[in-house]
>>> print(open('work_3.cif').read())   # mmCIF, C-alpha atoms and all ligand atoms
data_upload
#
loop_
_atom_site.label_atom_id
_atom_site.label_comp_id
_atom_site.auth_asym_id
_atom_site.auth_seq_id
_atom_site.Cartn_x
_atom_site.Cartn_y
_atom_site.Cartn_z
CA MET G 1 25.30 -34.13 12.56
CA LYS G 2 21.74 -32.88 12.47
CA GLY G 3 18.98 -35.33 13.16
CA HIS G 4 21.35 -37.99 14.39
CA PRO G 5 19.60 -40.79 16.22
CA VAL G 6 20.47 -40.26 19.86
CA ALA G 7 20.90 -43.92 20.69
CA SER G 8 22.75 -45.01 17.57
CA ALA G 9 25.53 -46.60 19.66
CA SER G 10 23.12 -48.70 21.62
CA ALA G 11 23.69 -52.11 20.20
CA SER G 12 22.35 -54.14 23.07
CA PRO G 13 18.74 -54.11 24.21
CA LEU G 14 20.09 -54.36 27.77
CA PHE G 15 21.42 -50.87 27.38
CA PHE G 16 17.90 -49.57 27.00
CA SER G 17 16.45 -51.49 29.88
CA VAL G 18 19.21 -50.41 32.27
CA LEU G 19 19.71 -46.84 31.17
CA PRO G 20 16.97 -45.25 29.13
CA LEU G 21 19.16 -42.62 27.54
CA HIS G 22 16.33 -40.29 26.58
CA SER G 23 15.10 -39.96 30.15
CA LEU G 24 18.39 -40.08 32.02
CA PRO G 25 20.27 -36.96 30.99
CA ALA G 26 17.24 -34.76 30.35
CA PRO G 27 17.85 -32.61 33.43
CA LEU G 28 21.34 -31.93 32.09
CA ALA G 29 19.77 -30.11 29.15
CA ARG G 30 19.68 -27.20 31.56
CA TYR G 31 23.47 -27.29 31.40
CA GLY G 32 23.69 -27.69 27.62
CA TRP G 33 23.36 -31.45 27.15
CA ASP G 34 22.23 -32.31 23.63
CA ALA G 35 21.87 -35.16 21.16
CA ALA G 36 25.47 -34.99 19.95
CA LEU G 37 26.77 -35.25 23.52
CA ALA G 38 24.40 -38.11 24.21
CA GLU G 39 25.86 -39.89 21.23
CA ALA G 40 29.42 -39.32 22.40
CA PHE G 41 28.43 -40.58 25.82
CA ALA G 42 26.54 -43.68 24.68
CA PRO G 43 29.48 -46.12 25.07
CA TYR G 44 29.97 -44.96 28.68
CA ALA G 45 26.27 -45.28 29.43
CA ALA G 46 26.57 -48.92 28.49
CA ASP G 47 29.22 -49.23 31.24
CA GLY G 48 26.85 -47.84 33.85
CA LEU G 49 28.54 -44.43 34.04
CA LEU G 50 26.66 -41.16 34.41
CA PRO G 51 26.99 -38.11 32.23
CA GLY G 52 27.87 -34.89 34.00
CA ARG G 53 29.35 -31.44 33.65
CA ILE G 54 32.22 -30.07 35.69
CA VAL G 55 31.26 -26.92 37.55
CA ARG G 56 34.54 -26.47 39.39
CA VAL G 57 38.02 -28.00 39.55
CA ASP G 58 40.09 -28.03 42.68
CA ARG G 59 43.44 -29.85 42.99
CA GLY G 60 42.74 -33.28 41.58
CA LEU G 61 39.07 -33.16 42.44
CA CYS G 62 36.11 -31.60 40.78
CA ASP G 63 32.51 -30.78 41.45
CA ALA G 64 30.16 -31.93 38.75
CA VAL G 65 26.43 -31.92 38.16
CA VAL G 66 25.01 -35.34 37.33
CA PRO G 67 21.47 -36.64 37.03
CA ALA G 68 19.98 -37.44 40.43
CA PRO G 69 19.14 -41.14 40.96
CA SER G 70 15.39 -40.60 40.98
CA GLY G 71 12.69 -38.06 41.63
CA PRO G 72 13.36 -34.37 41.97
CA GLY G 73 16.97 -33.32 42.54
CA THR G 74 18.51 -32.27 45.79
CA GLY G 75 18.29 -28.71 44.63
CA SER G 76 21.97 -28.18 45.33
CA ALA G 77 22.70 -28.12 41.63
CA GLY G 78 20.18 -25.37 41.06
CA ALA G 79 18.09 -27.47 38.71
CA ALA G 80 15.58 -30.25 39.15
CA GLY G 81 16.69 -33.82 38.64
CA LEU G 82 20.35 -33.04 39.22
CA ARG G 83 22.79 -33.32 42.07
CA THR G 84 26.31 -32.04 42.59
CA VAL G 85 28.97 -34.64 43.25
CA ARG G 86 32.61 -34.37 44.21
CA ALA G 87 34.66 -36.57 41.94
CA ASP G 88 38.26 -37.75 41.74
CA LEU G 89 40.04 -36.65 38.56
CA GLY G 90 42.90 -39.13 38.99
CA PRO G 91 41.70 -41.54 36.31
CA VAL G 92 41.83 -38.88 33.58
CA SER G 93 45.27 -37.44 34.31
CA ASP G 94 47.36 -36.65 31.25
CA PRO G 95 50.91 -35.34 30.80
CA ASP G 96 49.58 -32.58 28.55
CA PRO G 97 48.09 -29.83 30.75
CA THR G 98 45.78 -28.71 27.97
CA ARG G 99 44.03 -32.04 28.39
CA TRP G 100 43.40 -31.72 32.07
CA ALA G 101 39.81 -31.55 33.16
CA CYS G 102 38.44 -28.07 33.60
CA THR G 103 35.24 -26.22 34.29
CA GLY G 104 32.78 -26.82 31.48
CA ASP G 105 34.03 -30.28 30.55
CA TRP G 106 31.47 -33.01 29.97
CA ILE G 107 32.40 -36.18 31.78
CA ALA G 108 31.63 -39.85 32.25
CA TYR G 109 31.23 -40.22 36.00
CA ASP G 110 31.62 -43.46 37.90
CA PRO G 111 29.19 -43.25 40.84
CA ASP G 112 30.67 -46.32 42.59
CA GLU G 113 34.23 -45.02 42.59
CA ARG G 114 33.20 -41.38 42.73
CA ALA G 115 35.63 -40.74 39.92
CA VAL G 116 35.72 -39.17 36.48
CA ARG G 117 36.41 -41.95 33.99
CA ALA G 118 36.61 -39.86 30.84
CA LEU G 119 36.17 -36.42 29.36
CA LEU G 120 33.91 -36.20 26.35
CA PRO G 121 35.55 -34.53 23.33
CA ARG G 122 35.65 -30.77 23.71
CA ARG G 123 33.93 -28.54 21.20
CA THR G 124 35.86 -25.46 22.20
CA ALA G 125 38.47 -24.55 24.80
CA VAL G 126 39.67 -21.22 26.13
CA LEU G 127 43.43 -21.50 26.64
CA ARG G 128 46.00 -19.30 28.25
CA SER G 129 49.70 -19.55 28.91
CA ALA G 130 50.08 -20.83 32.45
CA SER G 131 52.29 -17.96 33.56
CA SER G 132 54.60 -15.36 32.14
CA LYS G 133 57.60 -17.54 33.02
CA ARG G 134 56.45 -20.78 31.52
CA SER G 135 54.70 -21.35 28.28
CA ASP G 136 52.55 -24.34 29.11
CA GLY G 137 49.03 -23.96 27.93
CA GLN G 138 46.25 -24.16 30.44
CA VAL G 139 42.58 -24.63 29.73
CA LEU G 140 40.46 -22.07 31.49
CA ALA G 141 37.06 -23.19 30.30
CA ALA G 142 35.79 -25.94 28.04
CA ASN G 143 32.83 -26.16 25.69
CA VAL G 144 32.21 -22.44 25.58
CA ASP G 145 29.80 -21.04 22.99
CA HIS G 146 30.12 -17.30 23.62
CA VAL G 147 33.04 -15.28 24.89
CA LEU G 148 31.81 -11.94 26.20
CA ILE G 149 34.53 -9.35 26.16
CA ALA G 150 33.67 -6.60 28.60
CA VAL G 151 35.07 -3.19 27.69
CA SER G 152 34.34 -0.25 29.96
CA LEU G 153 33.01 2.99 28.55
CA ALA G 154 34.05 4.76 31.75
CA ALA G 155 37.60 5.15 30.50
CA GLU G 156 39.14 5.80 27.11
CA LEU G 157 38.59 2.76 24.88
CA ASP G 158 41.54 0.40 25.08
CA LEU G 159 41.24 -1.17 21.65
CA GLY G 160 44.58 -2.96 21.90
CA ARG G 161 43.41 -4.83 24.92
CA ALA G 162 40.11 -5.64 23.26
CA GLU G 163 42.01 -7.08 20.31
CA ARG G 164 44.04 -9.30 22.61
CA PHE G 165 40.88 -10.71 24.16
CA LEU G 166 39.35 -11.11 20.72
CA ALA G 167 42.32 -13.14 19.51
CA LEU G 168 41.99 -15.42 22.53
CA ALA G 169 38.27 -15.72 21.98
CA TRP G 170 38.55 -16.61 18.29
CA GLU G 171 41.27 -19.13 19.05
CA SER G 172 38.98 -20.90 21.50
CA GLY G 173 36.51 -21.77 18.77
CA ALA G 174 33.73 -19.86 20.52
CA GLN G 175 31.94 -16.81 19.13
CA PRO G 176 33.24 -13.56 20.62
CA LEU G 177 30.86 -10.76 21.55
CA VAL G 178 32.00 -7.35 22.70
CA VAL G 179 29.98 -5.75 25.48
CA LEU G 180 30.58 -2.08 26.08
CA THR G 181 29.73 -1.67 29.74
CA LYS G 182 28.63 1.33 31.83
CA ALA G 183 26.81 2.86 28.86
CA ASP G 184 24.98 5.17 31.30
CA LEU G 185 28.25 7.11 31.55
CA VAL G 186 27.96 8.07 27.88
CA PRO G 187 24.57 9.81 27.79
CA ASP G 188 25.02 11.35 24.35
CA PRO G 189 23.65 8.89 21.74
CA ALA G 190 25.86 10.24 18.96
CA THR G 191 29.00 9.76 21.03
CA LEU G 192 27.89 6.27 21.99
CA ALA G 193 27.25 5.39 18.34
CA HIS G 194 30.71 6.65 17.49
CA LEU G 195 32.35 4.47 20.13
CA VAL G 196 30.39 1.44 18.97
CA ALA G 197 31.51 2.09 15.39
CA ASP G 198 35.14 2.31 16.54
CA VAL G 199 34.93 -1.05 18.23
CA GLU G 200 33.06 -2.60 15.33
CA ALA G 201 35.88 -1.53 13.02
CA THR G 202 38.30 -3.25 15.38
CA ALA G 203 36.29 -6.46 15.58
CA PRO G 204 35.29 -7.80 12.16
CA GLY G 205 32.61 -10.46 12.43
CA VAL G 206 31.76 -9.60 16.02
CA SER G 207 28.59 -8.08 17.44
CA VAL G 208 29.11 -5.07 19.67
CA LEU G 209 26.48 -4.44 22.34
CA THR G 210 26.13 -1.65 24.85
CA VAL G 211 24.90 -2.40 28.33
CA SER G 212 24.30 -0.46 31.50
CA ALA G 213 23.93 -2.51 34.62
CA ALA G 214 23.01 0.70 36.40
CA THR G 215 19.90 1.41 34.29
CA GLY G 216 19.38 -2.10 32.92
CA ASP G 217 19.61 -0.84 29.34
CA GLY G 218 20.78 -3.52 26.93
CA VAL G 219 20.68 -6.36 29.45
CA ASP G 220 17.71 -7.94 27.64
CA VAL G 221 19.56 -7.96 24.32
CA LEU G 222 22.61 -9.50 25.96
CA THR G 223 20.48 -12.10 27.74
CA ALA G 224 18.95 -13.10 24.42
CA ALA G 225 22.37 -13.25 22.76
CA VAL G 226 23.74 -15.76 25.28
CA ALA G 227 20.53 -17.76 25.81
CA GLY G 228 20.93 -21.52 25.84
CA GLY G 229 24.69 -21.56 25.42
CA THR G 230 27.78 -21.58 27.60
CA THR G 231 29.26 -18.15 28.15
CA VAL G 232 32.47 -16.83 29.66
CA LEU G 233 33.32 -13.26 30.55
CA LEU G 234 36.70 -11.78 29.75
CA GLY G 235 37.96 -8.28 30.33
CA GLN G 236 40.22 -6.04 32.29
CA SER G 237 39.73 -5.68 36.01
CA GLY G 238 37.13 -2.99 36.60
CA ALA G 239 35.56 -3.50 33.18
CA GLY G 240 32.30 -4.45 34.88
CA LYS G 241 32.42 -8.24 34.54
CA SER G 242 31.08 -9.04 38.01
CA THR G 243 28.31 -6.52 37.64
CA LEU G 244 27.47 -7.95 34.25
CA ALA G 245 27.48 -11.47 35.68
CA ASN G 246 25.06 -10.34 38.38
CA SER G 247 22.75 -8.80 35.78
CA LEU G 248 22.75 -12.04 33.81
CA LEU G 249 22.44 -14.36 36.78
CA GLY G 250 19.80 -12.42 38.68
CA SER G 251 19.79 -11.70 42.37
CA GLU G 252 20.15 -15.28 43.59
CA THR G 253 23.87 -15.65 43.18
CA GLN G 254 24.72 -12.01 43.65
CA THR G 255 26.09 -12.26 47.18
CA VAL G 256 28.41 -15.08 46.24
CA ARG G 257 29.91 -13.12 43.41
CA THR G 258 30.27 -10.01 45.49
CA ILE G 259 32.18 -11.89 48.17
CA ARG G 260 34.43 -13.40 45.58
CA ASP G 261 35.05 -10.19 43.82
CA SER G 262 35.92 -8.19 46.91
CA ASP G 263 38.89 -10.37 47.79
CA GLY G 264 39.96 -10.26 44.15
CA LYS G 265 41.65 -13.64 44.41
CA GLY G 266 38.69 -15.86 43.74
CA ARG G 267 39.19 -17.68 47.03
CA HIS G 268 36.51 -20.23 47.65
CA THR G 269 35.35 -19.51 51.15
CA THR G 270 31.83 -20.62 50.37
CA THR G 271 30.67 -23.47 48.20
CA THR G 272 30.92 -21.44 45.05
CA ARG G 273 30.68 -22.83 41.60
CA ASP G 274 32.50 -21.56 38.58
CA LEU G 275 29.73 -22.64 36.27
CA LEU G 276 26.29 -21.29 37.02
CA PRO G 277 22.96 -21.77 35.28
CA LEU G 278 21.44 -18.59 33.85
CA PRO G 279 17.78 -17.95 34.69
CA LEU G 280 15.03 -19.31 32.51
CA PRO G 281 13.41 -18.80 30.06
CA GLY G 282 16.67 -17.84 28.35
CA GLY G 283 18.74 -20.43 30.14
CA GLY G 284 22.31 -21.35 29.36
CA VAL G 285 25.23 -21.24 31.76
CA LEU G 286 27.88 -18.74 32.75
CA ILE G 287 31.45 -19.75 33.53
CA ASP G 288 33.35 -17.34 35.73
CA THR G 289 36.61 -18.87 36.95
CA PRO G 290 39.18 -16.78 38.80
CA GLY G 291 41.81 -17.84 36.25
CA LEU G 292 39.99 -16.06 33.49
CA ARG G 293 41.15 -12.74 34.87
CA GLY G 294 44.08 -11.23 33.04
CA VAL G 295 44.65 -13.86 30.43
CA GLY G 296 47.66 -14.17 28.19
CA LEU G 297 47.69 -15.40 24.65
CA TRP G 298 48.34 -19.02 23.95
CA ASP G 299 49.30 -20.08 20.48
CA ALA G 300 46.62 -17.86 19.08
CA GLU G 301 48.03 -17.33 15.62
CA GLY G 302 44.75 -18.22 14.00
CA GLY G 303 42.91 -15.97 16.44
CA VAL G 304 45.21 -13.05 15.68
CA ALA G 305 44.67 -13.53 11.95
CA GLN G 306 40.93 -13.41 12.48
CA VAL G 307 40.97 -10.27 14.60
CA PHE G 308 43.02 -8.52 11.96
CA SER G 309 41.37 -10.11 8.96
CA GLU G 310 41.48 -6.86 6.95
CA ILE G 311 45.27 -6.66 7.38
CA GLU G 312 45.69 -10.31 6.43
CA GLU G 313 43.59 -9.56 3.36
CA LEU G 314 45.71 -6.55 2.44
CA ALA G 315 48.86 -8.63 2.92
CA GLY G 316 47.55 -10.95 0.21
CA ASP G 317 47.96 -8.08 -2.24
CA CYS G 318 51.59 -7.30 -1.30
CA ARG G 319 54.05 -7.86 -4.12
CA PHE G 320 56.19 -10.21 -2.03
CA HIS G 321 54.41 -13.07 -0.35
CA ASP G 322 56.76 -12.87 2.63
CA CYS G 323 56.37 -9.08 2.88
CA ALA G 324 57.08 -7.76 6.37
CA HIS G 325 55.15 -4.54 5.59
CA THR G 326 58.02 -2.33 6.74
CA ALA G 327 59.61 -0.77 3.64
CA GLU G 328 59.01 -3.27 0.84
CA PRO G 329 58.00 -1.98 -2.59
CA GLY G 330 54.45 -2.86 -3.63
CA CYS G 331 53.33 -3.34 -0.02
CA ALA G 332 49.54 -3.16 0.10
CA VAL G 333 49.51 -2.78 3.89
CA LEU G 334 51.75 0.31 3.79
CA ALA G 335 49.67 1.68 0.92
CA ALA G 336 46.52 1.34 3.01
CA LEU G 337 48.31 3.09 5.85
CA GLU G 338 49.28 5.87 3.44
CA ASP G 339 45.78 6.45 2.10
CA GLY G 340 44.21 6.25 5.56
CA THR G 341 42.12 3.10 5.10
CA LEU G 342 44.28 1.38 7.72
CA GLN G 343 45.10 2.99 11.04
CA GLU G 344 48.63 3.03 12.34
CA ARG G 345 47.39 1.94 15.77
CA ARG G 346 45.73 -1.08 14.28
CA LEU G 347 48.87 -2.18 12.45
CA ASP G 348 50.99 -1.66 15.58
CA SER G 349 48.59 -3.73 17.61
CA TYR G 350 48.69 -6.47 14.98
CA ARG G 351 52.49 -6.52 15.01
CA LYS G 352 52.58 -6.61 18.78
CA LEU G 353 50.24 -9.59 19.04
CA ILE G 354 52.07 -11.44 16.26
CA ARG G 355 55.37 -10.89 18.09
CA GLU G 356 53.91 -11.98 21.41
CA ASN G 357 52.45 -15.08 19.87
CA GLU G 358 55.71 -15.93 18.12
CA TRP G 359 57.52 -15.56 21.43
CA ILE G 360 55.15 -17.97 23.13
CA ALA G 361 55.46 -20.41 20.25
CA SER G 362 59.25 -20.18 20.34
CA ARG G 363 59.21 -20.84 24.08
CA THR G 364 57.23 -23.97 23.44
CA ASP G 365 59.66 -24.98 20.73
CA ALA G 366 62.58 -24.32 23.06
CA ARG G 367 61.04 -26.60 25.63
CA LEU G 368 60.51 -29.30 23.05
CA ARG G 369 64.07 -28.90 21.77
CA ALA G 370 65.45 -29.17 25.30
CA GLU G 371 63.43 -32.30 25.89
CA ARG G 372 64.61 -33.87 22.64
CA ARG G 373 68.20 -32.97 23.47
CA ARG G 374 67.88 -34.66 26.85
CA VAL G 375 66.53 -37.85 25.32
CA TRP G 376 69.16 -37.74 22.60
CA LYS G 377 71.95 -37.32 25.17
CA GLN G 378 70.64 -40.24 27.14
CA ARG G 379 70.66 -42.39 24.04
CA GLN G 380 74.11 -41.18 23.16
CA ALA G 381 75.39 -42.01 26.64
CA LEU G 382 73.77 -45.40 26.43
CA GLY G 383 75.27 -45.94 22.97
CA LYS G 384 78.77 -45.07 24.21
CA HIS G 385 78.31 -47.39 27.10
CA LEU G 386 77.33 -50.24 24.80
CA VAL G 387 80.23 -49.52 22.46
CA GLN G 388 82.63 -49.55 25.39
CA ARG G 389 81.29 -52.84 26.62
CA LYS G 390 81.74 -54.31 23.18
CA ARG G 391 85.28 -53.08 22.93
CA GLY G 392 86.06 -53.92 26.47
CA PRO G 393 87.52 -51.43 28.95
CA GLN G 394 90.05 -49.12 27.34
CA ARG G 395 93.48 -48.89 28.87
P1 LIG G 401 35.13 -6.33 37.21
O1 LIG G 401 36.42 -6.08 37.90
O2 LIG G 401 35.32 -6.44 35.73
O3 LIG G 401 34.37 -7.49 37.76
O4 LIG G 401 34.22 -5.00 37.41
P2 LIG G 401 33.03 -4.71 38.42
O5 LIG G 401 31.81 -5.40 38.01
O6 LIG G 401 33.51 -4.97 39.81
O7 LIG G 401 32.78 -3.16 38.19
C1 LIG G 401 33.80 -2.19 38.41
C2 LIG G 401 33.15 -0.90 38.82
O8 LIG G 401 32.32 -0.41 37.79
C3 LIG G 401 32.28 -1.03 40.05
O9 LIG G 401 32.49 0.08 40.87
C4 LIG G 401 30.88 -1.00 39.50
O10 LIG G 401 29.94 -0.46 40.40
C5 LIG G 401 31.03 -0.12 38.28
N1 LIG G 401 30.01 -0.46 37.27
C6 LIG G 401 29.75 -1.68 36.75
N2 LIG G 401 28.74 -1.62 35.87
C7 LIG G 401 28.36 -0.34 35.79
C8 LIG G 401 27.35 0.36 35.03
O11 LIG G 401 26.60 -0.19 34.23
N3 LIG G 401 27.29 1.70 35.21
C9 LIG G 401 28.11 2.36 36.07
N4 LIG G 401 27.97 3.66 36.16
N5 LIG G 401 29.03 1.74 36.82
C10 LIG G 401 29.17 0.40 36.67
ZN ZN G 402 53.32 -5.75 2.78
#
>>> encode(input="work_3.cif", output="structure tokens", more="lines below")
Ligand code: GDP
Ligand code: ZN
Amino acid sequence: MKGHPVASASASPLFFSVLPLHSLPAPLARYGWDAALAEAFAPYAADGLLPGRIVRVDRGLCDAVVPAPSGPGTGSAGAAGLRTVRADLGPVSDPDPTRWACTGDWIAYDPDERAVRALLPRRTAVLRSASSKRSDGQVLAANVDHVLIAVSLAAELDLGRAERFLALAWESGAQPLVVLTKADLVPDPATLAHLVADVEATAPGVSVLTVSAATGDGVDVLTAAVAGGTTVLLGQSGAGKSTLANSLLGSETQTVRTIRDSDGKGRHTTTTRDLLPLPLPGGGVLIDTPGLRGVGLWDAEGGVAQVFSEIEELAGDCRFHDCAHTAEPGCAVLAALEDGTLQERRLDSYRKLIRENEWIASRTDARLRAERRRVWKQRQALGKHLVQRKRGPQR
């Protein structure tokens, strides 16, 4: 994909004269627009549509940032050359809820109809199950590069919860990053190092940072880690997400977030956005939607496997390939438990997440089965009806 000509899809010279692609979406670079997106968008540009990014979704409508017609932007989008528009999502409705537009989606916007014509293909998507009762997936945020998992150092480390968030993060396709918050509450460096090591052991392949919003320690490292990309914050209530968001965003948006956080419901009393640009020079954007609070797993089997990669690796050495690691002879997982290289807590957590994920998957299957049965019954009824007509009324 590297070095792809931006305007490769531009067959007609008219395309260039009407919409000079290189100049048009430049302000959107502030929101993560790049050459690959420009290429995906090229066919829509030819139709006179505008590229944009959804900053908030609200019952069939969305707010999106799009390039301003000319000159400097209105300023309402927080970046020059851009404006925020309210757009109808009707044209991109889909029976599959995981394909509904959400914050972070890149769109083709029709300025005449004030409607979203298409979503550009997603690179990543953070999914959750819509509720504990139903098992429909729901996209919480699209095109996310970094998932920050906030874990508070104020209380005893809840590694099980961290693992759940990690599974969700891996499943999204984004890179997880664990942020241990409130580091000022652990003044002893040796203790802090110990806690970091514990989390690192729990999160293979994931950087673990410590941050104190109170003293500002570690904020610079975090800022650098998320620079230029799209970031979401996950974590338990009270983990310090809002405070962390404020540190990253700077003072400008602080009041908005405070208002939102105090009611705890994410009600939009002001014109809030769920996707906010991070200050320059680092840049990037932060997505903070109310729905991201308290997420459940959604079909995160791959994510679970990644969080517990060392267990999956051990399982490869079990004598039986379908080993359940309970009492089987030649079980490498149980052996590791025995010799202390694997912690009991870790294995329990793994089992719990696998079970939870299987339950969600089975719910989905049950729904599909019910749907198939309904269709099948209809056909059967129709078939009977036809047979009866052929035979003529009985009796
Ligand atoms: P959220 O629910 O995850 O958004 O958490 P908040 O950001 O609202 O923080 C929860 C509590 O932790 C608040 O009382 C904050 O003042 C406190 N807090 C957040 N960050 C820090 C920090 O770096 N140090 C200390 N000591 N307290 C913090
Ligand atoms: Zn085994």
>>> residues_near_ligand(input="work_3.cif", ligand="ligand ZN 402 (chain G)", cutoff="12 Å", atoms="only C-alpha atoms and all ligand atoms", output="ChimeraX atom specification")
/G:311-337,347
>>> residues_near_ligand(input="work_3.cif", ligand="ligand LIG 401 (chain G)", cutoff="10 Å", atoms="only C-alpha atoms and all ligand atoms", output="PyMOL selection string")
chain G and resi 150-154+180-186+210-219+233-247+257-258+260-262+264+293
>>> atom_distance(input="work_3.cif", atom1="CA of Asp188 (chain G)", atom2="CA of Thr202 (chain G)")
21.7 Å
>>> residues_around(input="work_3.cif", residues="Arg30 (chain G)", least_positions_apart="5", cutoff="9 Å", atoms="all atoms listed in the file", output="PyMOL selection string")
chain G and resi 79+228+277+283-285
>>> atom_distance(input="work_3.cif", atom1="CA of Gly229 (chain G)", atom2="CA of Leu89 (chain G)")
25.2 Å
>>> atom_distance(input="work_3.cif", atom1="CA of Val226 (chain G)", atom2="CA of Val144 (chain G)")
10.8 Å
>>> residues_around(input="work_3.cif", residues="Leu37 (chain G)", least_positions_apart="4", cutoff="10 Å", atoms="all atoms listed in the file", output="count of residues only")
10
>>> decode(input="work_3.cif", residues="region 47-53 of chain G", atoms="all heavy atoms", output="PDB file, in the first residue's frame")
ATOM      1  N   ASP G  47     -18.159  11.774  -7.969  1.00  0.00           N
ATOM      2  CA  ASP G  47     -19.599  12.044  -7.934  1.00  0.00           C
ATOM      3  C   ASP G  47     -19.930  13.357  -7.246  1.00  0.00           C
ATOM      4  O   ASP G  47     -21.099  13.646  -6.968  1.00  0.00           O
ATOM      5  CB  ASP G  47     -20.331  10.916  -7.189  1.00  0.00           C
ATOM      6  CG  ASP G  47     -20.386   9.645  -8.017  1.00  0.00           C
ATOM      7  OD1 ASP G  47     -20.199   9.745  -9.244  1.00  0.00           O
ATOM      8  OD2 ASP G  47     -20.623   8.569  -7.442  1.00  0.00           O
ATOM      9  N   GLY G  48     -18.910  14.115  -6.886  1.00  0.00           N
ATOM     10  CA  GLY G  48     -19.156  15.404  -6.244  1.00  0.00           C
ATOM     11  C   GLY G  48     -19.444  15.306  -4.753  1.00  0.00           C
ATOM     12  O   GLY G  48     -19.950  16.240  -4.147  1.00  0.00           O
ATOM     13  N   LEU G  49     -19.131  14.158  -4.143  1.00  0.00           N
ATOM     14  CA  LEU G  49     -19.340  14.021  -2.705  1.00  0.00           C
ATOM     15  C   LEU G  49     -18.110  14.521  -1.952  1.00  0.00           C
ATOM     16  O   LEU G  49     -17.029  14.648  -2.517  1.00  0.00           O
ATOM     17  CB  LEU G  49     -19.626  12.564  -2.349  1.00  0.00           C
ATOM     18  CG  LEU G  49     -20.831  11.933  -3.065  1.00  0.00           C
ATOM     19  CD1 LEU G  49     -21.014  10.484  -2.639  1.00  0.00           C
ATOM     20  CD2 LEU G  49     -22.115  12.718  -2.777  1.00  0.00           C
ATOM     21  N   LEU G  50     -18.295  14.793  -0.669  1.00  0.00           N
ATOM     22  CA  LEU G  50     -17.191  15.274   0.164  1.00  0.00           C
ATOM     23  C   LEU G  50     -16.768  14.189   1.138  1.00  0.00           C
ATOM     24  O   LEU G  50     -17.607  13.463   1.662  1.00  0.00           O
ATOM     25  CB  LEU G  50     -17.630  16.497   0.974  1.00  0.00           C
ATOM     26  CG  LEU G  50     -17.938  17.798   0.227  1.00  0.00           C
ATOM     27  CD1 LEU G  50     -18.507  18.825   1.199  1.00  0.00           C
ATOM     28  CD2 LEU G  50     -16.677  18.318  -0.449  1.00  0.00           C
ATOM     29  N   PRO G  51     -15.460  14.111   1.394  1.00  0.00           N
ATOM     30  CA  PRO G  51     -15.029  13.180   2.431  1.00  0.00           C
ATOM     31  C   PRO G  51     -15.291  13.802   3.803  1.00  0.00           C
ATOM     32  O   PRO G  51     -15.311  15.028   3.933  1.00  0.00           O
ATOM     33  CB  PRO G  51     -13.536  13.045   2.185  1.00  0.00           C
ATOM     34  CG  PRO G  51     -13.137  14.355   1.571  1.00  0.00           C
ATOM     35  CD  PRO G  51     -14.333  14.860   0.820  1.00  0.00           C
ATOM     36  N   GLY G  52     -15.491  12.967   4.796  1.00  0.00           N
ATOM     37  CA  GLY G  52     -15.716  13.499   6.138  1.00  0.00           C
ATOM     38  C   GLY G  52     -15.517  12.422   7.175  1.00  0.00           C
ATOM     39  O   GLY G  52     -15.351  11.239   6.852  1.00  0.00           O
ATOM     40  N   ARG G  53     -15.493  12.845   8.437  1.00  0.00           N
ATOM     41  CA  ARG G  53     -15.387  11.871   9.520  1.00  0.00           C
ATOM     42  C   ARG G  53     -16.480  12.124  10.549  1.00  0.00           C
ATOM     43  O   ARG G  53     -16.703  13.272  10.955  1.00  0.00           O
ATOM     44  CB  ARG G  53     -14.014  11.947  10.187  1.00  0.00           C
ATOM     45  CG  ARG G  53     -13.787  10.754  11.091  1.00  0.00           C
ATOM     46  CD  ARG G  53     -12.356  10.532  11.478  1.00  0.00           C
ATOM     47  NE  ARG G  53     -12.199   9.176  11.978  1.00  0.00           N
ATOM     48  CZ  ARG G  53     -11.160   8.745  12.668  1.00  0.00           C
ATOM     49  NH1 ARG G  53     -10.154   9.554  12.896  1.00  0.00           N
ATOM     50  NH2 ARG G  53     -11.107   7.506  13.106  1.00  0.00           N
TER      51      ARG G  53
END
